[in-house]
$ cat protein.pdb   # PDB, C-alpha atoms
ATOM      1  CA  MET A   1     -10.558 135.265  11.361
ATOM      2  CA  GLU A   2     -13.759 137.227  10.845
ATOM      3  CA  LEU A   3     -15.048 134.520   8.499
ATOM      4  CA  LEU A   4     -14.492 131.830  11.153
ATOM      5  CA  GLU A   5     -16.188 133.957  13.831
ATOM      6  CA  ARG A   6     -19.206 134.418  11.583
ATOM      7  CA  PHE A   7     -19.255 130.691  10.827
ATOM      8  CA  ALA A   8     -19.091 129.793  14.534
ATOM      9  CA  ALA A   9     -21.986 132.185  15.127
ATOM     10  CA  GLY A  10     -24.074 130.325  12.538
ATOM     11  CA  ASP A  11     -23.787 132.682   9.554
ATOM     12  CA  LEU A  12     -24.864 130.712   6.465
ATOM     13  CA  ASP A  13     -22.896 132.949   4.069
ATOM     14  CA  ALA A  14     -19.711 132.264   6.039
ATOM     15  CA  PHE A  15     -20.395 128.541   5.866
ATOM     16  CA  GLU A  16     -20.944 128.800   2.115
ATOM     17  CA  SER A  17     -17.634 130.638   1.712
ATOM     18  CA  LEU A  18     -15.813 127.965   3.697
ATOM     19  CA  PHE A  19     -17.545 125.266   1.667
ATOM     20  CA  ARG A  20     -16.368 126.815  -1.597
ATOM     21  CA  GLN A  21     -12.871 127.283  -0.233
ATOM     22  CA  TYR A  22     -12.402 123.723   1.101
ATOM     23  CA  GLN A  23     -14.701 121.554  -1.023
ATOM     24  CA  ARG A  24     -12.028 120.306  -3.449
ATOM     25  CA  GLU A  25      -9.531 119.750  -0.687
ATOM     26  CA  VAL A  26     -11.973 117.655   1.358
ATOM     27  CA  TYR A  27     -12.831 115.629  -1.726
ATOM     28  CA  ARG A  28      -9.108 114.920  -2.310
ATOM     29  CA  TRP A  29      -8.567 113.905   1.327
ATOM     30  CA  VAL A  30     -11.502 111.508   1.240
ATOM     31  CA  MET A  31     -10.669 110.184  -2.232
ATOM     32  CA  ARG A  32      -7.171 109.216  -1.094
ATOM     33  CA  ILE A  33      -8.728 107.026   1.575
ATOM     34  CA  VAL A  34     -11.797 105.483  -0.071
ATOM     35  CA  ARG A  35     -10.571 105.407  -3.697
ATOM     36  CA  ASP A  36     -14.133 105.590  -4.995
ATOM     37  CA  PRO A  37     -15.299 108.833  -6.659
ATOM     38  CA  ALA A  38     -19.006 108.334  -5.886
ATOM     39  CA  ALA A  39     -18.330 107.521  -2.232
ATOM     40  CA  ALA A  40     -15.894 110.431  -1.990
ATOM     41  CA  GLU A  41     -18.559 112.826  -3.266
ATOM     42  CA  ASP A  42     -21.112 111.514  -0.775
ATOM     43  CA  LEU A  43     -18.623 111.686   2.084
ATOM     44  CA  THR A  44     -17.625 115.234   1.120
ATOM     45  CA  VAL A  45     -21.245 116.331   1.339
ATOM     46  CA  GLU A  46     -21.662 114.451   4.635
ATOM     47  CA  THR A  47     -18.515 116.133   5.979
ATOM     48  CA  PHE A  48     -19.873 119.601   5.287
ATOM     49  CA  TRP A  49     -23.283 118.645   6.646
ATOM     50  CA  ARG A  50     -21.642 117.632   9.919
ATOM     51  CA  VAL A  51     -19.507 120.767   9.936
ATOM     52  CA  HIS A  52     -22.622 122.887   9.476
ATOM     53  CA  ARG A  53     -24.466 121.095  12.287
ATOM     54  CA  ALA A  54     -21.466 121.436  14.631
ATOM     55  CA  HIS A  55     -20.697 125.112  13.903
ATOM     56  CA  ALA A  56     -21.358 126.094  17.517
ATOM     57  CA  GLN A  57     -18.715 123.640  18.741
ATOM     58  CA  PHE A  58     -16.006 125.269  16.618
ATOM     59  CA  HIS A  59     -13.842 127.915  18.290
ATOM     60  CA  ALA A  60     -13.089 130.790  15.921
ATOM     61  CA  ASP A  61      -9.467 130.922  17.074
ATOM     62  CA  GLY A  62      -9.005 127.224  16.263
ATOM     63  CA  ASN A  63      -7.588 125.599  13.152
ATOM     64  CA  PHE A  64     -10.579 125.156  10.839
ATOM     65  CA  ALA A  65      -8.691 123.108   8.247
ATOM     66  CA  ALA A  66      -7.474 120.620  10.863
ATOM     67  CA  TRP A  67     -10.964 120.322  12.357
ATOM     68  CA  LEU A  68     -12.473 119.821   8.911
ATOM     69  CA  ARG A  69      -9.831 117.252   7.966
ATOM     70  CA  ARG A  70     -10.461 115.248  11.157
ATOM     71  CA  ILE A  71     -14.197 115.092  10.420
ATOM     72  CA  ALA A  72     -13.599 114.073   6.790
ATOM     73  CA  ILE A  73     -11.026 111.417   7.673
ATOM     74  CA  ASN A  74     -13.215 109.935  10.409
ATOM     75  CA  LEU A  75     -16.120 109.689   7.970
ATOM     76  CA  ALA A  76     -13.912 108.063   5.327
ATOM     77  CA  LEU A  77     -12.543 105.534   7.809
ATOM     78  CA  ASP A  78     -16.043 104.732   9.069
ATOM     79  CA  HIS A  79     -17.099 104.216   5.458
ATOM     80  CA  LEU A  80     -14.264 101.733   4.930
ATOM     81  CA  ARG A  81     -15.171  99.863   8.123
ATOM     82  CA  ARG A  82     -18.787  99.542   6.997
ATOM     83  CA  ALA A  83     -18.016  98.687   3.388
ATOM     84  CA  ARG A  84     -17.914  95.031   2.581
ATOM     85  CA  PRO A  85     -14.930  94.007   0.506
ATOM     86  CA  LEU A  86     -15.654  92.728  -2.966
ATOM     87  CA  LEU A  87     -14.438  89.204  -3.470
ATOM     88  CA  GLU A  88     -13.366  87.997  -6.848
ATOM     89  CA  LEU A  89     -14.999  84.728  -7.724
ATOM     90  CA  PRO A  90     -12.998  82.024  -9.404
ATOM     91  CA  GLU A  91     -13.939  81.383 -13.016
ATOM     92  CA  GLN A  92     -15.318  77.954 -12.282
ATOM     93  CA  ILE A  93     -17.111  77.481  -9.035
ATOM     94  CA  ALA A  94     -17.631  73.904  -8.033
ATOM     95  CA  ALA A  95     -21.247  73.370  -7.162
ATOM     96  CA  GLU A  96     -21.778  71.919  -3.732
ATOM     97  CA  GLU A  97     -24.074  69.001  -3.326
ATOM     98  CA  LYS A  98     -27.280  70.191  -1.772
ATOM     99  CA  PRO A  99     -28.824  68.046   0.904
ATOM    100  CA  ASP A 100     -32.189  66.629   0.070
ATOM    101  CA  ALA A 101     -35.380  68.295   1.227
ATOM    102  CA  VAL A 102     -35.843  66.013   4.244
ATOM    103  CA  VAL A 103     -32.356  66.788   5.599
ATOM    104  CA  ARG A 104     -32.856  70.529   5.023
ATOM    105  CA  GLN A 105     -36.196  70.479   6.848
ATOM    106  CA  GLU A 106     -34.685  68.518   9.735
ATOM    107  CA  THR A 107     -31.851  71.047   9.990
ATOM    108  CA  ARG A 108     -34.344  73.937   9.954
ATOM    109  CA  ASN A 109     -36.290  72.286  12.763
ATOM    110  CA  LYS A 110     -33.128  71.841  14.850
ATOM    111  CA  ILE A 111     -32.189  75.479  14.322
ATOM    112  CA  SER A 112     -35.681  76.634  15.259
ATOM    113  CA  ARG A 113     -35.620  74.521  18.416
ATOM    114  CA  ALA A 114     -32.181  75.792  19.430
ATOM    115  CA  PHE A 115     -33.284  79.345  18.752
ATOM    116  CA  ALA A 116     -36.472  78.906  20.798
ATOM    117  CA  GLU A 117     -34.427  77.598  23.740
ATOM    118  CA  LEU A 118     -32.445  80.835  24.009
ATOM    119  CA  PRO A 119     -33.440  83.122  26.872
ATOM    120  CA  PRO A 120     -35.800  85.820  25.535
ATOM    121  CA  ARG A 121     -33.423  88.734  26.210
ATOM    122  CA  LEU A 122     -30.713  87.002  24.165
ATOM    123  CA  ARG A 123     -33.079  85.660  21.511
ATOM    124  CA  VAL A 124     -34.443  89.104  20.626
ATOM    125  CA  VAL A 125     -30.939  90.557  20.209
ATOM    126  CA  VAL A 126     -29.757  87.608  18.107
ATOM    127  CA  GLN A 127     -32.884  87.768  15.959
ATOM    128  CA  LEU A 128     -32.569  91.511  15.351
ATOM    129  CA  GLY A 129     -28.858  91.251  14.642
ATOM    130  CA  LEU A 130     -28.560  88.048  12.628
ATOM    131  CA  ILE A 131     -31.949  87.726  10.986
ATOM    132  CA  GLU A 132     -33.113  91.335  10.674
ATOM    133  CA  ASP A 133     -29.515  92.560  10.054
ATOM    134  CA  GLU A 134     -29.891  95.619  12.276
ATOM    135  CA  SER A 135     -26.864  97.453  13.651
ATOM    136  CA  TYR A 136     -25.955  97.301  17.327
ATOM    137  CA  GLN A 137     -26.945 100.960  17.657
ATOM    138  CA  GLU A 138     -30.398 100.316  16.139
ATOM    139  CA  ILE A 139     -30.940  97.312  18.400
ATOM    140  CA  ALA A 140     -29.858  99.307  21.451
ATOM    141  CA  GLU A 141     -32.260 102.126  20.620
ATOM    142  CA  SER A 142     -35.186  99.796  19.986
ATOM    143  CA  LEU A 143     -34.617  97.819  23.201
ATOM    144  CA  GLY A 144     -33.641 100.772  25.382
ATOM    145  CA  ILE A 145     -30.231  99.331  26.300
ATOM    146  CA  THR A 146     -26.659 100.380  25.555
ATOM    147  CA  PRO A 147     -24.742  99.212  22.480
ATOM    148  CA  VAL A 148     -22.279  97.507  24.836
ATOM    149  CA  ALA A 149     -25.134  95.482  26.334
ATOM    150  CA  VAL A 150     -26.241  94.556  22.807
ATOM    151  CA  LYS A 151     -22.735  93.313  21.949
ATOM    152  CA  LEU A 152     -22.573  91.284  25.138
ATOM    153  CA  ARG A 153     -25.998  89.713  24.591
ATOM    154  CA  MET A 154     -25.172  88.998  20.947
ATOM    155  CA  PHE A 155     -21.936  87.269  21.935
ATOM    156  CA  ARG A 156     -23.643  85.177  24.609
ATOM    157  CA  GLY A 157     -26.640  84.369  22.409
ATOM    158  CA  VAL A 158     -24.546  83.256  19.436
ATOM    159  CA  ARG A 159     -22.290  81.187  21.688
ATOM    160  CA  MET A 160     -25.312  79.464  23.278
ATOM    161  CA  LEU A 161     -26.921  78.911  19.875
ATOM    162  CA  ARG A 162     -23.716  77.393  18.482
ATOM    163  CA  THR A 163     -23.405  75.070  21.498
ATOM    164  CA  LYS A 164     -27.011  73.912  21.195
ATOM    165  CA  LEU A 165     -26.652  73.263  17.459
ATOM    166  CA  GLU A 166     -23.409  71.320  17.888
ATOM    167  CA  LYS A 167     -25.105  69.102  20.485
ATOM    168  CA  GLN A 168     -27.821  68.371  17.899
ATOM    169  CA  GLY A 169     -25.214  67.505  15.266
ATOM    170  CA  VAL A 170     -25.588  70.700  13.216
ATOM    171  CA  ARG A 171     -22.327  72.406  12.309
ATOM    172  CA  PRO A 172     -22.917  76.169  12.154
TER     173      PRO A 172
END

$ encode --input "protein.pdb" --output "structure tokens"
Amino acid sequence: MELLERFAAGDLDAFESLFRQYQREVYRWVMRIVRDPAAAEDLTVETFWRVHRAHAQFHADGNFAAWLRRIAINLALDHLRRARPLLELPEQIAAEEKPDAVVRQETRNKISRAFAELPPRLRVVVQLGLIEDESYQEIAESLGITPVAVKLRMFRGVRMLRTKLEKQGVRP
């Protein structure tokens, strides 16, 4: 109990003791979920970094192991959500016929026109999300809007873009 009180008060030695005590256990919890040793190591470190930053939110009479496990599991699940699954490629991939340069340029022009016709508030979100590959959170912060507003604008912008392209004969 004294160790947890010291930790909650911000004592670095108490944190180090808890780290040594729970490090292997956290690694095992995370490893069971992500099944990747390198990712499990990174997520273990991230778990303890978050625990250290949130020491003031921990109540010394609470269950430290349960709190620690919840943080580790949430990080592991977030990692899985962000990770892109690896797809196995067939041994022989049939090469698609590429359209000639004139058709490609015409398609690019149609896409550019459709993109330019989007309302500016939708166009900027679609550009940052689809072209710049920024997360909704990053877009929200850079535009000063909420992530929910970003999702809504992205949905509307992509829907409008798809409609405009289909009218021009381009299948997205």

$ residues_around --input "protein.pdb" --residues "region 112-120 of chain A" --least-positions-apart "6" --cutoff "12 Å" --atoms "only C-alpha atoms" --output "VMD selection string"
chain A and resid 105 to 106 126 to 127 130 to 131 153 to 154 156 to 170 172

$ write_last_selection --input "protein.pdb" --atoms "C-alpha atoms" --output "mmCIF file, keeping the file's coordinate frame"
data_model
loop_
_atom_site.group_PDB
_atom_site.id
_atom_site.type_symbol
_atom_site.label_atom_id
_atom_site.label_comp_id
_atom_site.auth_asym_id
_atom_site.auth_seq_id
_atom_site.Cartn_x
_atom_site.Cartn_y
_atom_site.Cartn_z
ATOM 1 C CA GLN A 105 -36.196 70.479 6.848
ATOM 2 C CA GLU A 106 -34.685 68.518 9.735
ATOM 3 C CA VAL A 126 -29.757 87.608 18.107
ATOM 4 C CA GLN A 127 -32.884 87.768 15.959
ATOM 5 C CA LEU A 130 -28.560 88.048 12.628
ATOM 6 C CA ILE A 131 -31.949 87.726 10.986
ATOM 7 C CA ARG A 153 -25.998 89.713 24.591
ATOM 8 C CA MET A 154 -25.172 88.998 20.947
ATOM 9 C CA ARG A 156 -23.643 85.177 24.609
ATOM 10 C CA GLY A 157 -26.640 84.369 22.409
ATOM 11 C CA VAL A 158 -24.546 83.256 19.436
ATOM 12 C CA ARG A 159 -22.290 81.187 21.688
ATOM 13 C CA MET A 160 -25.312 79.464 23.278
ATOM 14 C CA LEU A 161 -26.921 78.911 19.875
ATOM 15 C CA ARG A 162 -23.716 77.393 18.482
ATOM 16 C CA THR A 163 -23.405 75.070 21.498
ATOM 17 C CA LYS A 164 -27.011 73.912 21.195
ATOM 18 C CA LEU A 165 -26.652 73.263 17.459
ATOM 19 C CA GLU A 166 -23.409 71.320 17.888
ATOM 20 C CA LYS A 167 -25.105 69.102 20.485
ATOM 21 C CA GLN A 168 -27.821 68.371 17.899
ATOM 22 C CA GLY A 169 -25.214 67.505 15.266
ATOM 23 C CA VAL A 170 -25.588 70.700 13.216
ATOM 24 C CA PRO A 172 -22.917 76.169 12.154
#

$ residues_around --input "protein.pdb" --residues "Ile71 (chain A)" --least-positions-apart "3" --cutoff "10 Å" --atoms "only C-alpha atoms" --output "ChimeraX atom specification"
/A:26,44,46-48,50-51,65-68,74-76

$ resolve_selection --input "protein.pdb" --expression "the PyMOL selection byres ((chain A and resi 80) around 12)" --output "list in words"
Val30, Met31, Arg32, Ile33, Val34, Arg35, Asp36, Ala39, Ala40, Leu43, Ile73, Asn74, Leu75, Ala76, Leu77, Asp78, His79, Arg81, Arg82, Ala83, Arg84 and Pro85 of chain A

$ residues_around --input "protein.pdb" --residues "region 9-22 of chain A" --least-positions-apart "6" --cutoff "7 Å" --atoms "all atoms listed in the file" --output "VMD selection string"
chain A and resid 3 55 to 56

$ atom_distance --input "protein.pdb" --atom1 "CA of Val103 (chain A)" --atom2 "CA of Arg123 (chain A)"
24.7 Å

$ closest_residue --input "protein.pdb" --among "A:Thr146, A:Phe58, A:Leu122, A:Thr107" --to "Arg171 (chain A)" --atoms "only C-alpha atoms"
A:Thr107

$ atom_distance --input "protein.pdb" --atom1 "CA of Ala38 (chain A)" --atom2 "CA of Gln23 (chain A)"
14.7 Å

$ atom_distance --input "protein.pdb" --atom1 "CA of Ala140 (chain A)" --atom2 "CA of Phe155 (chain A)"
14.4 Å

$ closest_residue --input "protein.pdb" --among "A:Glu138, A:Val125, A:Asp133, A:Glu2" --to "Lys151 (chain A)" --atoms "all atoms listed in the file"
A:Val125

$ closest_residue --input "protein.pdb" --among "A:Ile111, A:Arg53, A:Val102, A:Arg121" --to "Ile145 (chain A)" --atoms "only C-alpha atoms"
A:Arg121

$ closest_residue --input "protein.pdb" --among "A:Asn63, A:Gln137, A:Gln57, A:Asn109" --to "Ala149 (chain A)" --atoms "only C-alpha atoms"
A:Gln137
